[in-house]
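input-v4.tsv (TSV, C-alpha atoms) appears below.
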chain	number	residue	atom	x	y	z
L	1364	MET	CA	22.55	-4.52	-7.90
L	1365	VAL	CA	20.32	-2.09	-9.79
L	1366	PRO	CA	22.64	-0.87	-12.58
L	1367	ARG	CA	21.06	2.53	-13.21
L	1368	VAL	CA	19.37	5.04	-10.90
L	1369	VAL	CA	18.45	8.72	-11.04
L	1370	PHE	CA	17.55	10.75	-7.96
L	1371	GLY	CA	16.11	14.19	-7.33
L	1372	ASN	CA	12.97	16.27	-7.14
L	1373	GLY	CA	11.25	16.23	-10.51
L	1374	CYS	CA	13.38	13.49	-12.08
L	1375	PHE	CA	10.20	11.55	-12.98
L	1376	GLN	CA	10.10	13.91	-15.97
L	1377	GLN	CA	13.14	12.04	-17.37
L	1378	LEU	CA	11.18	8.81	-17.82
L	1379	GLU	CA	10.42	9.33	-21.52
L	1380	GLU	CA	14.08	10.04	-22.27
L	1381	ILE	CA	15.16	7.00	-20.27
L	1382	LEU	CA	12.71	4.61	-21.97
L	1383	LEU	CA	13.14	5.75	-25.56
L	1384	PRO	CA	16.39	3.81	-26.25
L	1385	LYS	CA	14.79	0.70	-24.70
L	1386	ARG	CA	11.89	0.56	-27.16
L	1387	LYS	CA	12.31	-2.41	-29.50
L	1388	ASN	CA	9.86	-1.01	-32.06
L	1389	SER	CA	6.46	0.67	-32.21
L	1390	GLU	CA	4.68	-2.68	-31.86
L	1391	ALA	CA	6.53	-3.71	-28.67
L	1392	PRO	CA	4.77	-1.78	-25.91
L	1393	PHE	CA	5.81	-0.63	-22.49
L	1394	ILE	CA	3.46	-1.90	-19.79
L	1395	PHE	CA	2.93	0.59	-16.95
L	1396	LEU	CA	1.65	-0.99	-13.73
L	1397	VAL	CA	0.41	1.95	-11.67
L	1398	ASP	CA	-1.15	2.24	-8.21
L	1399	ASP	CA	-4.82	3.02	-8.82
L	1400	VAL	CA	-4.71	5.97	-6.39
L	1401	PHE	CA	-3.10	7.86	-9.29
L	1402	GLU	CA	-5.89	7.15	-11.78
L	1403	ASN	CA	-7.21	10.48	-13.08
L	1404	GLN	CA	-4.52	12.29	-11.08
L	1405	GLN	CA	-1.72	14.52	-12.35
L	1406	LEU	CA	0.91	11.78	-12.24
L	1407	SER	CA	-1.07	9.64	-14.70
L	1408	THR	CA	-1.02	12.47	-17.26
L	1409	GLN	CA	2.79	12.58	-17.03
L	1410	ILE	CA	3.33	8.93	-17.97
L	1411	PRO	CA	5.05	8.93	-21.42
L	1412	LYS	CA	2.57	6.59	-23.13
L	1413	LEU	CA	3.35	6.14	-26.85
L	1414	PHE	CA	2.09	3.89	-29.66
L	1415	ASN	CA	0.26	0.92	-28.13
L	1416	ASP	CA	1.71	1.24	-24.61
L	1417	LEU	CA	-0.63	-0.05	-21.92
L	1418	ILE	CA	-1.33	1.51	-18.52
L	1419	ILE	CA	-2.82	-0.93	-16.01
L	1420	TYR	CA	-4.08	0.54	-12.74
L	1421	VAL	CA	-3.74	-1.89	-9.85
L	1422	SER	CA	-5.13	-1.65	-6.32
L	1423	ALA	CA	-2.52	-1.82	-3.57
L	1424	GLU	CA	-5.11	-2.54	-0.87
L	1425	GLU	CA	-3.94	-6.15	-0.72
L	1426	GLU	CA	-0.48	-7.68	-0.80
L	1427	PRO	CA	0.59	-8.93	-4.27
L	1428	LYS	CA	-0.42	-12.50	-5.05
L	1429	THR	CA	0.92	-15.16	-7.41
L	1430	GLY	CA	-2.49	-15.46	-9.06
L	1431	GLN	CA	-2.49	-11.72	-9.71
L	1432	VAL	CA	0.92	-11.96	-11.38
L	1433	ASP	CA	-0.18	-14.86	-13.56
L	1434	ALA	CA	-3.34	-13.00	-14.61
L	1435	LEU	CA	-1.37	-9.90	-15.58
L	1436	VAL	CA	1.12	-11.96	-17.59
L	1437	LYS	CA	-1.71	-13.72	-19.44
L	1438	LEU	CA	-3.40	-10.39	-20.16
L	1439	ILE	CA	-0.21	-8.94	-21.62
L	1440	GLN	CA	0.69	-12.00	-23.67
L	1441	THR	CA	-2.78	-12.31	-25.18
L	1442	SER	CA	-3.07	-8.58	-25.92
L	1443	PHE	CA	0.13	-8.20	-27.92
L	1444	SER	CA	1.79	-10.21	-30.66
L	1445	GLU	CA	5.27	-9.03	-29.64
L	1446	GLU	CA	7.05	-9.29	-26.32
L	1447	PRO	CA	6.82	-5.96	-24.48
L	1448	SER	CA	9.76	-3.57	-24.51
L	1449	GLY	CA	9.51	-3.50	-20.76
L	1450	VAL	CA	7.47	-3.29	-17.57
L	1451	ILE	CA	7.38	-0.13	-15.46
L	1452	GLY	CA	6.13	-0.23	-11.87
L	1453	ILE	CA	4.87	3.01	-10.33
L	1454	GLY	CA	3.72	2.91	-6.72
L	1455	GLY	CA	4.65	1.44	-3.36
L	1456	GLY	CA	6.13	-1.93	-2.54
L	1457	THR	CA	3.09	-3.81	-3.84
L	1458	LEU	CA	3.33	-2.30	-7.33
L	1459	LEU	CA	7.12	-2.60	-7.44
L	1460	ASP	CA	7.01	-6.27	-6.47
L	1461	LEU	CA	4.27	-6.91	-9.04
L	1462	ALA	CA	6.33	-5.23	-11.76
L	1463	LYS	CA	9.40	-7.29	-10.91
L	1464	ALA	CA	7.43	-10.53	-10.85
L	1465	VAL	CA	5.56	-9.82	-14.11
L	1466	ALA	CA	8.84	-8.94	-15.85
L	1467	VAL	CA	10.35	-12.24	-14.69
L	1468	MET	CA	7.32	-14.32	-15.68
L	1469	LEU	CA	7.04	-12.81	-19.17
L	1470	ASN	CA	10.28	-14.62	-19.95
L	1471	ASN	CA	9.87	-17.79	-17.85
L	1472	LYS	CA	7.38	-20.62	-18.31
L	1473	GLY	CA	4.92	-21.88	-15.74
L	1474	ASN	CA	3.22	-20.15	-12.84
L	1475	SER	CA	4.79	-17.57	-10.58
L	1476	ALA	CA	4.24	-19.84	-7.55
L	1477	ASP	CA	6.79	-22.22	-9.12
L	1478	TYR	CA	9.47	-19.56	-8.64
L	1479	GLN	CA	8.81	-18.62	-5.01
L	1480	GLY	CA	12.14	-19.28	-3.38
L	1481	TRP	CA	15.81	-18.61	-3.89
L	1482	ASP	CA	17.50	-18.67	-7.31
L	1483	LEU	CA	14.82	-20.66	-9.13
L	1484	VAL	CA	14.59	-18.27	-12.11
L	1485	LYS	CA	16.61	-19.51	-15.09
L	1486	ARG	CA	15.95	-16.88	-17.78
L	1487	PRO	CA	16.50	-13.10	-17.58
L	1488	ALA	CA	13.44	-10.92	-17.08
L	1489	VAL	CA	12.30	-8.43	-19.69
L	1490	TYR	CA	13.52	-4.87	-19.12
L	1491	HIS	CA	11.86	-3.40	-16.04
L	1492	ALA	CA	12.04	-0.10	-14.18
L	1493	GLY	CA	10.77	0.90	-10.75
L	1494	ILE	CA	9.45	4.26	-9.60
L	1495	PRO	CA	8.54	4.31	-5.88
L	1496	THR	CA	5.84	6.71	-4.71
L	1497	ILE	CA	6.33	5.87	-1.04
L	1498	SER	CA	9.57	5.26	0.85
L	1499	GLY	CA	10.62	2.49	3.19
L	1500	THR	CA	9.98	-0.92	1.66
L	1501	GLY	CA	13.29	-1.15	-0.20
L	1502	ALA	CA	11.43	-2.96	-2.99
L	1503	GLU	CA	13.00	-0.57	-5.48
L	1504	VAL	CA	16.46	-2.04	-4.85
L	1505	SER	CA	15.91	-5.59	-3.58
L	1506	ARG	CA	16.38	-8.84	-5.52
L	1507	THR	CA	13.04	-10.11	-4.27
L	1508	ALA	CA	9.45	-9.81	-5.48
L	1509	VAL	CA	7.46	-10.80	-2.41
L	1510	LEU	CA	4.25	-12.66	-3.27
L	1511	SER	CA	1.50	-14.45	-1.37
L	1512	GLY	CA	0.79	-17.81	-2.95
L	1513	PRO	CA	-1.77	-20.53	-2.31
L	1514	GLU	CA	0.38	-22.09	0.40
L	1515	LYS	CA	2.96	-19.50	1.44
L	1516	LYS	CA	4.15	-15.93	1.30
L	1517	LEU	CA	7.61	-15.98	-0.24
L	1518	GLY	CA	9.55	-13.93	-2.72
L	1519	ILE	CA	10.84	-14.63	-6.19
L	1520	ASN	CA	14.41	-14.10	-5.08
L	1521	SER	CA	16.95	-14.15	-7.90
L	1522	ASP	CA	19.65	-12.21	-9.73
L	1523	TYR	CA	17.12	-11.55	-12.50
L	1524	THR	CA	14.57	-9.89	-10.19
L	1525	PRO	CA	16.18	-6.46	-9.52
L	1526	PHE	CA	15.12	-3.52	-11.64
L	1527	ASP	CA	17.25	-2.44	-14.60
L	1528	GLN	CA	16.46	1.20	-13.82
L	1529	VAL	CA	15.10	3.03	-10.80
L	1530	ILE	CA	13.81	6.61	-10.64
L	1531	LEU	CA	13.85	8.14	-7.16
L	1532	ASP	CA	11.76	11.31	-7.14
L	1533	PRO	CA	10.96	12.49	-3.58
L	1534	GLU	CA	8.17	14.72	-4.91
L	1535	LEU	CA	6.17	11.60	-5.77
L	1536	THR	CA	5.83	10.79	-2.06
L	1537	LYS	CA	3.83	13.95	-1.28
L	1538	GLY	CA	0.37	13.26	0.05
L	1539	VAL	CA	1.16	9.96	1.79
L	1540	SER	CA	-0.80	9.74	5.07
L	1541	LYS	CA	1.02	10.05	8.40
L	1542	GLU	CA	0.22	6.47	9.36
L	1543	GLN	CA	1.26	4.94	6.05
L	1544	ARG	CA	4.45	6.98	6.01
L	1545	PHE	CA	5.25	5.67	9.49
L	1546	TYR	CA	4.51	2.01	8.69
L	1547	THR	CA	6.62	1.92	5.53
L	1548	GLY	CA	9.37	3.97	7.18
L	1549	MET	CA	9.45	1.47	10.03
L	1550	ASP	CA	9.79	-1.31	7.47
L	1551	CYS	CA	13.06	0.38	6.51
L	1552	TYR	CA	14.05	0.88	10.16
L	1553	ILE	CA	13.38	-2.78	10.95
L	1554	HIS	CA	15.42	-3.80	7.88
L	1555	CYS	CA	18.35	-2.01	9.48
L	1556	ILE	CA	17.90	-3.48	12.94
L	1557	GLU	CA	17.55	-7.03	11.62
L	1558	SER	CA	20.46	-6.71	9.21
L	1559	LEU	CA	22.84	-5.08	11.69
L	1560	ASN	CA	22.04	-7.66	14.39
L	1561	GLY	CA	22.11	-10.70	12.12
L	1562	THR	CA	24.64	-13.49	11.75
L	1563	PHE	CA	24.90	-12.81	7.99
L	1564	LEU	CA	26.25	-9.30	8.58
L	1565	ASN	CA	29.30	-8.28	6.53
L	1566	ALA	CA	31.15	-5.03	5.89
L	1567	PHE	CA	29.12	-4.30	2.75
L	1568	SER	CA	25.67	-4.74	4.32
L	1569	GLN	CA	26.83	-3.04	7.52
L	1570	SER	CA	27.89	0.14	5.74
L	1571	TYR	CA	24.48	0.48	4.06
L	1572	GLY	CA	22.56	-0.53	7.19
L	1573	GLU	CA	24.31	1.98	9.41
L	1574	LYS	CA	23.65	4.82	6.97
L	1575	ALA	CA	19.98	3.86	6.62
L	1576	LEU	CA	19.60	3.70	10.40
L	1577	GLU	CA	21.19	7.14	10.76
L	1578	LEU	CA	18.76	8.57	8.20
L	1579	CYS	CA	15.75	6.93	9.90
L	1580	LYS	CA	16.72	8.56	13.19
L	1581	GLU	CA	16.97	11.95	11.48
L	1582	VAL	CA	13.56	11.54	9.86
L	1583	TYR	CA	11.62	10.12	12.82
L	1584	LEU	CA	13.40	11.64	15.81
L	1585	GLY	CA	14.91	14.81	14.34
L	1586	ASP	CA	13.40	18.18	13.55
L	1587	ILE	CA	13.74	18.68	9.80
L	1588	GLU	CA	11.58	20.22	7.10
L	1589	GLU	CA	9.08	18.10	5.17
L	1590	SER	CA	10.95	18.32	1.86
L	1591	GLU	CA	14.23	17.26	3.47
L	1592	SER	CA	12.43	14.49	5.31
L	1593	ARG	CA	11.06	13.08	2.03
L	1594	GLU	CA	14.53	13.09	0.46
L	1595	LYS	CA	16.21	11.44	3.47
L	1596	LEU	CA	13.55	8.77	3.86
L	1597	MET	CA	13.86	7.88	0.18
L	1598	MET	CA	17.61	7.47	0.65
L	1599	ALA	CA	17.07	5.49	3.85
L	1600	SER	CA	14.80	3.12	1.93
L	1601	TRP	CA	17.45	2.63	-0.76
L	1602	HIS	CA	20.26	2.03	1.73
L	1603	GLY	CA	18.12	-0.24	3.91
L	1604	GLY	CA	17.18	-2.32	0.88
L	1605	MET	CA	20.83	-2.59	-0.12
L	1606	SER	CA	21.75	-3.72	3.38
L	1607	ILE	CA	19.33	-6.66	3.41
L	1608	ALA	CA	20.17	-7.50	-0.22
L	1609	TYR	CA	23.64	-8.46	0.98
L	1610	SER	CA	22.58	-10.01	4.29
L	1611	GLN	CA	18.99	-10.83	5.29
L	1612	VAL	CA	16.09	-9.72	7.47
L	1613	GLY	CA	15.07	-11.49	10.67
L	1614	VAL	CA	12.44	-12.30	13.28
L	1615	ALA	CA	9.97	-9.48	12.60
L	1616	HIS	CA	9.78	-10.12	8.87
L	1617	ALA	CA	9.42	-13.89	9.29
L	1618	LEU	CA	6.51	-13.46	11.71
L	1619	SER	CA	4.87	-10.67	9.69
L	1620	TYR	CA	4.71	-13.00	6.67
L	1621	GLY	CA	2.38	-15.24	8.69
L	1622	LEU	CA	0.09	-12.31	9.52
L	1623	SER	CA	0.02	-11.18	5.92
L	1624	HIS	CA	-0.62	-14.63	4.47
L	1625	LEU	CA	-3.57	-15.47	6.71
L	1626	LEU	CA	-5.08	-12.09	7.57
L	1627	GLY	CA	-3.94	-9.87	4.71
L	1628	VAL	CA	-2.18	-7.47	7.07
L	1629	LYS	CA	-0.11	-5.06	5.00
L	1630	HIS	CA	3.62	-5.60	5.23
L	1631	GLY	CA	4.71	-2.38	6.95
L	1632	LEU	CA	1.96	-2.55	9.57
L	1633	GLY	CA	2.61	-6.25	10.11
L	1634	ASN	CA	6.26	-5.59	10.86
L	1635	CYS	CA	5.28	-2.93	13.40
L	1636	LEU	CA	2.71	-5.19	15.08
L	1637	VAL	CA	5.33	-7.91	15.53
L	1638	PHE	CA	8.39	-5.76	16.27
L	1639	GLN	CA	6.85	-4.11	19.35
L	1640	HIS	CA	6.96	-7.53	21.06
L	1641	LEU	CA	10.55	-8.48	20.17
L	1642	GLU	CA	12.48	-6.96	23.10
L	1643	GLU	CA	14.04	-10.37	23.69
L	1644	PHE	CA	15.77	-10.26	20.33
L	1645	TYR	CA	16.22	-6.55	19.57
L	1646	PRO	CA	16.04	-4.68	22.92
L	1647	ASP	CA	17.66	-1.44	21.79
L	1648	GLY	CA	15.79	-1.47	18.49
L	1649	VAL	CA	12.40	-1.92	20.15
L	1650	GLN	CA	13.14	0.86	22.65
L	1651	LEU	CA	13.95	3.28	19.83
L	1652	PHE	CA	10.89	2.11	17.86
L	1653	ASN	CA	8.67	2.99	20.81
L	1654	LYS	CA	10.21	6.47	21.00
L	1655	MET	CA	9.48	7.03	17.31
L	1656	LYS	CA	5.93	5.74	17.72
L	1657	THR	CA	5.30	8.10	20.63
L	1658	LYS	CA	6.81	11.12	18.88
L	1659	HIS	CA	4.56	10.65	15.86
L	1660	ASN	CA	1.41	9.77	17.89
L	1661	ILE	CA	0.96	6.38	16.26
L	1662	SER	CA	-1.46	3.91	17.84
L	1663	LEU	CA	-1.13	0.38	16.52
L	1664	PRO	CA	-4.24	-1.79	16.15
L	1665	GLU	CA	-4.87	-4.29	18.92
L	1666	GLY	CA	-6.59	-7.66	19.08
L	1667	ILE	CA	-5.64	-8.67	15.53
L	1668	CYS	CA	-5.21	-12.31	16.58
L	1669	ALA	CA	-7.80	-12.34	19.37
L	1670	ASN	CA	-10.40	-14.51	17.67
L	1671	LEU	CA	-8.21	-16.88	15.67
L	1672	SER	CA	-8.71	-20.64	15.82
L	1673	GLU	CA	-5.98	-23.16	16.53
L	1674	SER	CA	-5.85	-24.04	12.83
L	1675	ASP	CA	-5.43	-20.33	12.01
L	1676	PHE	CA	-2.45	-20.12	14.34
L	1677	ASP	CA	-1.01	-23.29	12.79
L	1678	ILE	CA	-1.19	-21.73	9.31
L	1679	MET	CA	0.63	-18.58	10.44
L	1680	ILE	CA	3.21	-20.58	12.37
L	1681	ASN	CA	3.98	-22.81	9.38
L	1682	VAL	CA	4.38	-19.80	7.08
L	1683	ALA	CA	6.67	-18.03	9.55
L	1684	LEU	CA	8.84	-21.05	10.34
L	1685	GLY	CA	9.23	-21.76	6.62
L	1686	MET	CA	11.43	-18.67	6.26
L	1687	THR	CA	14.65	-20.55	7.01
L	1688	PRO	CA	17.22	-17.97	5.76
L	1689	LEU	CA	15.58	-15.26	7.89
L	1690	TRP	CA	15.77	-17.38	11.03
L	1691	GLU	CA	19.36	-18.40	10.31
L	1692	ASN	CA	20.32	-14.75	9.98
L	1693	ALA	CA	18.50	-13.81	13.19
L	1694	LEU	CA	19.41	-16.74	15.44
L	1695	GLY	CA	22.09	-18.85	13.75
L	1696	LYS	CA	22.10	-22.41	12.43
L	1697	ASN	CA	20.48	-23.80	15.59
L	1698	TRP	CA	17.53	-21.41	15.41
L	1699	LYS	CA	14.96	-24.19	15.77
L	1700	THR	CA	16.02	-24.74	19.38
L	1701	VAL	CA	15.09	-21.12	20.14
L	1702	MET	CA	12.13	-20.41	17.89
L	1703	THR	CA	9.72	-23.26	18.51
L	1704	PRO	CA	6.12	-23.33	17.27
L	1705	GLU	CA	5.02	-22.60	20.83
L	1706	LYS	CA	7.27	-19.53	20.96
L	1707	VAL	CA	5.90	-18.22	17.67
L	1708	LYS	CA	2.34	-18.75	18.87
L	1709	SER	CA	3.01	-16.87	22.11
L	1710	ILE	CA	4.16	-13.81	20.13
L	1711	TYR	CA	1.16	-13.93	17.78
L	1712	LYS	CA	-1.18	-14.09	20.79
L	1713	LYS	CA	0.15	-10.72	21.99
L	1714	ILE	CA	-0.90	-9.03	18.73
Re-express the file's structure as structure tokens.
Amino acid sequence: MVPRVVFGNGCFQQLEEILLPKRKNSEAPFIFLVDDVFENQQLSTQIPKLFNDLIIYVSAEEEPKTGQVDALVKLIQTSFSEEPSGVIGIGGGTLLDLAKAVAVMLNNKGNSADYQGWDLVKRPAVYHAGIPTISGTGAEVSRTAVLSGPEKKLGINSDYTPFDQVILDPELTKGVSKEQRFYTGMDCYIHCIESLNGTFLNAFSQSYGEKALELCKEVYLGDIEESESREKLMMASWHGGMSIAYSQVGVAHALSYGLSHLLGVKHGLGNCLVFQHLEEFYPDGVQLFNKMKTKHNISLPEGICANLSESDFDIMINVALGMTPLWENALGKNWKTVMTPEKVKSIYKKI
């Protein structure tokens, strides 16, 4: 679990106070990985940069990649003689996952692709903090840094991955577009549906999943003010992330990894594209998803897989079926008798 968290409008202003005791010395910098949409914006002027701290602006247009992590680690290690005091991620799920992965790899040898999987990390990460500027992914609380590698999309999933500190400031989510807010919010909603309907469900994950689901319904089906909506969605993201941290996600996430790996479809949108066709597995969840989509006038892209070759489908199928824990949670130990390559392909062809 994330050991320390602050929440509230304006709490981003506490960052300097939070980081000061974590500074090793003036030569050990903090590395700020920041979504490049904030470059030359007000938020960038509020980052408490001291001494030789480094701010690196990163585009979130593409999902985070292992090669990107390795390049950032090399840049940091060659730029400074001392190990950094810490890594701070500011942005959406892409930036938060990058920050977690970079923090892990600064203290572990090899390439980040070597650590894609469960509990492969042997050494603690350097201090790292996460500051989400969009709500829904749960990346701020999860034990996974999801990365696309040369052969697969799979997270660095370990006890050393979670942030040491998280700052939840709902004001930072102002200005997010309606579509993006919906896609990332639905990521949270789908977390809840998959966790609450999974075979790994337990009382701990259920309590968080039920609360997150309740908050998602208030945000996307209720009639509440914008400021309250931002606060509740940020809490839904946190609770949804906690729910899957102690259980697992399911069919939608496994299939969306295939879309993302081959086509670069962003995670939240990919989940939506898949989930709309999963009535067989989550009938009530899909029905409610469609109500939310209608209420917010969201039109999902069509024909994403229309012109793919057979080898393209094979790549996506292999990536999706490689997510064994997700399938076990969704369908049980005998999941392979239900989710065959042909079944996966039939779902992709609808997208």
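Using all atoms listed in the file, the shortest contact distance between Gly1449 (chain L) and any of L:Met1364, L:Leu1461, L:Ala1492, L:Val1682 is found at L:Ala1492.
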When you draw a straight line from CA of Val1397 (chain L) to CA of Lys1595 (chain L), how long is it in Å?
-> 23.9 Å
Who sits within 9 Å of Tyr1478 (chain L), all atoms listed in the file, same chain under 6 positions skipped, as number ranges by chain | L: 1484, 1518-1520
Which residue out of L:Lys1385, L:His1602, L:Lys1580, L:Lys1412 has the minimum interatomic distance to Ala1502 (chain L) when only C-alpha atoms are used?
->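 Once distances to Ala1502 (chain L) are computed over only C-alpha atoms, the minimum belongs to L:His1602.
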Find the residues near region 1683-1687 of chain L: any atom within 10 Å, counting all atoms listed in the file, skip ones fewer than 2 places away on the same chain, and give them as a PyMOL selection string.
-> chain L and resi 1480+1515-1517+1613-1622+1624+1677-1681+1689-1693+1696+1698-1699+1702-1704+1707
Quick one: residues within 8 Å of region 1409-1411 of chain L, only C-alpha atoms counted, chain neighbours fewer than 2 positions away excluded, as a list of chain:residue names?
->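 The residues that qualify are L:Gln1376, L:Leu1378, L:Glu1379, L:Gln1405, L:Leu1406, L:Ser1407, L:Leu1413.
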Can I get the selection written as a PDB file, keeping the file's coordinate frame, with C-alpha atoms?
ATOM      1  CA  GLN L1376      10.100  13.910 -15.970  1.00  0.00           C
ATOM      2  CA  LEU L1378      11.180   8.810 -17.820  1.00  0.00           C
ATOM      3  CA  GLU L1379      10.420   9.330 -21.520  1.00  0.00           C
ATOM      4  CA  GLN L1405      -1.720  14.520 -12.350  1.00  0.00           C
ATOM      5  CA  LEU L1406       0.910  11.780 -12.240  1.00  0.00           C
ATOM      6  CA  SER L1407      -1.070   9.640 -14.700  1.00  0.00           C
ATOM      7  CA  LEU L1413       3.350   6.140 -26.850  1.00  0.00           C
TER       8      LEU L1413
END
Since the input is missing atoms for region 1366-1386 of chain L, could you rebuild it with N, CA and C atoms and give the result as a PDB file, in the coordinates of the input?
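New file result_15.pdb:
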ATOM      1  N   PRO L1366      21.518  -1.485 -11.863  1.00  0.00           N
ATOM      2  CA  PRO L1366      22.640  -0.870 -12.580  1.00  0.00           C
ATOM      3  C   PRO L1366      22.496   0.621 -12.841  1.00  0.00           C
ATOM      4  N   ARG L1367      21.237   1.117 -12.880  1.00  0.00           N
ATOM      5  CA  ARG L1367      21.060   2.530 -13.210  1.00  0.00           C
ATOM      6  C   ARG L1367      20.009   3.152 -12.296  1.00  0.00           C
ATOM      7  N   VAL L1368      20.303   4.345 -11.777  1.00  0.00           N
ATOM      8  CA  VAL L1368      19.370   5.040 -10.900  1.00  0.00           C
ATOM      9  C   VAL L1368      19.535   6.537 -11.083  1.00  0.00           C
ATOM     10  N   VAL L1369      18.409   7.257 -11.091  1.00  0.00           N
ATOM     11  CA  VAL L1369      18.450   8.720 -11.040  1.00  0.00           C
ATOM     12  C   VAL L1369      17.698   9.146  -9.799  1.00  0.00           C
ATOM     13  N   PHE L1370      18.135  10.265  -9.207  1.00  0.00           N
ATOM     14  CA  PHE L1370      17.550  10.750  -7.960  1.00  0.00           C
ATOM     15  C   PHE L1370      17.391  12.258  -8.026  1.00  0.00           C
ATOM     16  N   GLY L1371      16.284  12.752  -7.468  1.00  0.00           N
ATOM     17  CA  GLY L1371      16.110  14.190  -7.330  1.00  0.00           C
ATOM     18  C   GLY L1371      14.687  14.627  -7.565  1.00  0.00           C
ATOM     19  N   ASN L1372      14.312  15.737  -6.952  1.00  0.00           N
ATOM     20  CA  ASN L1372      12.970  16.270  -7.140  1.00  0.00           C
ATOM     21  C   ASN L1372      12.710  16.562  -8.613  1.00  0.00           C
ATOM     22  N   GLY L1373      11.622  15.994  -9.129  1.00  0.00           N
ATOM     23  CA  GLY L1373      11.250  16.230 -10.510  1.00  0.00           C
ATOM     24  C   GLY L1373      11.863  15.291 -11.524  1.00  0.00           C
ATOM     25  N   CYS L1374      12.694  14.346 -11.100  1.00  0.00           N
ATOM     26  CA  CYS L1374      13.380  13.490 -12.080  1.00  0.00           C
ATOM     27  C   CYS L1374      12.438  12.505 -12.765  1.00  0.00           C
ATOM     28  N   PHE L1375      11.192  12.381 -12.280  1.00  0.00           N
ATOM     29  CA  PHE L1375      10.200  11.550 -12.980  1.00  0.00           C
ATOM     30  C   PHE L1375      10.008  12.037 -14.419  1.00  0.00           C
ATOM     31  N   GLN L1376      10.262  13.340 -14.635  1.00  0.00           N
ATOM     32  CA  GLN L1376      10.100  13.910 -15.970  1.00  0.00           C
ATOM     33  C   GLN L1376      11.109  13.336 -16.973  1.00  0.00           C
ATOM     34  N   GLN L1377      12.136  12.640 -16.480  1.00  0.00           N
ATOM     35  CA  GLN L1377      13.140  12.040 -17.370  1.00  0.00           C
ATOM     36  C   GLN L1377      12.721  10.676 -17.902  1.00  0.00           C
ATOM     37  N   LEU L1378      11.565  10.186 -17.474  1.00  0.00           N
ATOM     38  CA  LEU L1378      11.180   8.810 -17.820  1.00  0.00           C
ATOM     39  C   LEU L1378      11.121   8.582 -19.321  1.00  0.00           C
ATOM     40  N   GLU L1379      10.523   9.508 -20.065  1.00  0.00           N
ATOM     41  CA  GLU L1379      10.420   9.330 -21.520  1.00  0.00           C
ATOM     42  C   GLU L1379      11.795   9.210 -22.149  1.00  0.00           C
ATOM     43  N   GLU L1380      12.710  10.062 -21.735  1.00  0.00           N
ATOM     44  CA  GLU L1380      14.080  10.040 -22.270  1.00  0.00           C
ATOM     45  C   GLU L1380      14.785   8.735 -21.923  1.00  0.00           C
ATOM     46  N   ILE L1381      14.525   8.241 -20.735  1.00  0.00           N
ATOM     47  CA  ILE L1381      15.160   7.000 -20.270  1.00  0.00           C
ATOM     48  C   ILE L1381      14.635   5.794 -21.061  1.00  0.00           C
ATOM     49  N   LEU L1382      13.329   5.775 -21.323  1.00  0.00           N
ATOM     50  CA  LEU L1382      12.710   4.610 -21.970  1.00  0.00           C
ATOM     51  C   LEU L1382      12.925   4.559 -23.478  1.00  0.00           C
ATOM     52  N   LEU L1383      13.084   5.711 -24.103  1.00  0.00           N
ATOM     53  CA  LEU L1383      13.140   5.750 -25.560  1.00  0.00           C
ATOM     54  C   LEU L1383      14.172   4.789 -26.163  1.00  0.00           C
ATOM     55  N   PRO L1384      15.414   4.745 -25.656  1.00  0.00           N
ATOM     56  CA  PRO L1384      16.390   3.810 -26.250  1.00  0.00           C
ATOM     57  C   PRO L1384      16.061   2.337 -25.989  1.00  0.00           C
ATOM     58  N   LYS L1385      15.137   2.081 -25.051  1.00  0.00           N
ATOM     59  CA  LYS L1385      14.790   0.700 -24.700  1.00  0.00           C
ATOM     60  C   LYS L1385      13.633   0.155 -25.541  1.00  0.00           C
ATOM     61  N   ARG L1386      12.992   1.016 -26.321  1.00  0.00           N
ATOM     62  CA  ARG L1386      11.890   0.560 -27.160  1.00  0.00           C
ATOM     63  C   ARG L1386      12.420  -0.319 -28.292  1.00  0.00           C
TER      64      ARG L1386
END
